[in-house]
Amino acid sequence: MDGMNHSTVSEFVFLGLTNSWKIQLPLFVFSCLFYLGGMMGNLVIVFTITFDAHLHSSMYFLLANLSVIDMFFCSITAPKMIYDIFKKHKHKAISFCGCITQIFFTHAVGAAEMVLLITMAFDRYVAICKPLHYLTIMSPRMCLYCLVTSWIVGFIHSLIQLVFVVDLPFCGPNVLDSFYCDLPRLLRLACTNTLELEFMVTVNSGLISVGSFVLLVISYIFILFTVWKHSSGGSYKALSTLSAHIIVVVLFFGPLMFFYTWPSPTSHLDKYLAIFDAFITPFLNPVIYTFRNKEMKMAIKRLCSRLVRYRKIS
């Protein structure tokens with residue numbers, strides 16, 4: 001296969017989410033509010049944790065990096081979708097290189113977030129089940145090592161898949177029934193047999209997402225069981241805290257597992273489920289992980305007070 005030399009497709013056209021003007025305006029407002037809300041909420045988290053010395057611990061270090069990843073993740077597809085909402089189908093286009101780049105960063109950042117969520121679950125496990133060894137195990141060096149590992153895993157995971165895709169011949173059609181470039185739909189547009197590649201994507205992305213989800217659920221159950229054994233009152237508090245984490249995990253992993261394990265990736269349902277990962281999950285993470293946290297609330301108030309004092313002085 002000579003690959004790109006046989007490709008006549010230079011761009012791909014998105015069908016988007018809807019063609020109805022009655023739905024496009026509410027969709028535009030919804031998308032803008034959730035995207036801007038998610039970006040602002042995650043920025044508040046990053047600045048608060050960075051400038052408040054009370055939050056310089058492993059848990060908040062990981063939380064700040066989760067916010068950074070969420071901002072990256074929603075910015076890969078959301079701005080393009082918002083920009084294209086009122087365009088006609090033939091104008092909702094993305095170049096071939098732009099499509100490959102979008103897929104690469106979607107998988108790289110998504111896999112990095114999976115590893116980071118697992119690290120955060122491990123952090124909670126150590127804090128609750130091994131409190132005397134917490135500072136030793138979750139040292140700053142360990143946290144930095146986990147962060148670097150998450151990004152390395154993400155880039156390797158993405159490269160493994162795209163190294164085969166970039167050489168595929170695309171000779172038409174070039175229409176993607178979605179608002180972003182996703183790997184299963186792109187493979188079905190190739191002018192060659194891609195069954196082996198589709199299987200590789202299912203094994204690679206599907207097993208990683210399902211395995212990570214199962215591992216996270218098991219870890220949360222183990223934490224709750226450990227707390228319940230030692231304190232019935234503490235188990236209710238732990239359940240209240242971890243239930244929010246589990247909601248975020250389900251919202252993030254649910255669509256991913258559907259995309260890469262469902263036998264028919266041409267289903268119209270997947271592009272609507274993708275809205276959760278593109279808009280809703282990055283918006284909910286600041287609310288669930290921080291704004292229900294008393295320490296974060298106090299830190300945000302302290303940061304606001306410092307900003308007000310600084311403005312008065314200047």
# chains A, B, ... in the order shown; residues from 1 in each chain; ligands from 1
call {"tool": "select_by_dssp", "arguments": {"residues": "stretch 2-250 of chain A", "states": "alpha helix (DSSP H)", "output": "number ranges by chain"}}
result
A: 21-51, 58-84, 96-129, 134-137, 140-165, 183-187, 195-201, 207-230, 232-250
call {"tool": "residues_around", "arguments": {"residues": "A:Gly37", "least_positions_apart": "2", "cutoff": "10 Å", "atoms": "only C-alpha atoms", "output": "number ranges by chain"}}
result
A: 31-35, 39-43, 279-280, 282-284, 286
call {"tool": "closest_residue", "arguments": {"among": "A:Ser219, A:Thr50, A:Asn193, A:Thr77", "to": "A:Ala299", "atoms": "only C-alpha atoms"}}
result
A:Thr50
call {"tool": "closest_residue", "arguments": {"among": "A:Lys80, A:Ile208, A:Cys146, A:Phe61", "to": "A:Thr119", "atoms": "only C-alpha atoms"}}
result
A:Cys146
call {"tool": "closest_residue", "arguments": {"among": "A:Ile82, A:Met59, A:Ile128, A:Val109", "to": "A:Ile223", "atoms": "only C-alpha atoms"}}
result
A:Ile128
call {"tool": "select_by_dssp", "arguments": {"residues": "stretch 21-186 of chain A", "states": "strand (DSSP E)", "output": "MDAnalysis selection string"}}
result
chainID A and resid 93:95 175:176
call {"tool": "residues_around", "arguments": {"residues": "stretch 176-192 of chain A", "least_positions_apart": "6", "cutoff": "8 Å", "atoms": "only C-alpha atoms", "output": "list in words"}}
result
Phe12, Val13, Phe14, Leu15, Gly16, Leu17, Thr77, Lys80, Met81, Cys99, Ile100, Gln102, Ile103, Val165, Leu168, Pro169, Phe170, Glu198, Val201, Phe259, Tyr260, Pro265, Thr266, His268 and Lys271 of chain A
call {"tool": "closest_residue", "arguments": {"among": "A:Ile94, A:Ala278, A:Ile313, A:Ile300", "to": "A:Ile45", "atoms": "only C-alpha atoms"}}
result
A:Ile300
call {"tool": "closest_residue", "arguments": {"among": "A:Thr281, A:Pro255, A:Leu135, A:Val248", "to": "A:Phe73", "atoms": "only C-alpha atoms"}}
result
A:Thr281
call {"tool": "atom_distance", "arguments": {"atom1": "atom CA of A:Glu11", "atom2": "atom CA of A:Pro173"}}
result
10.4 Å
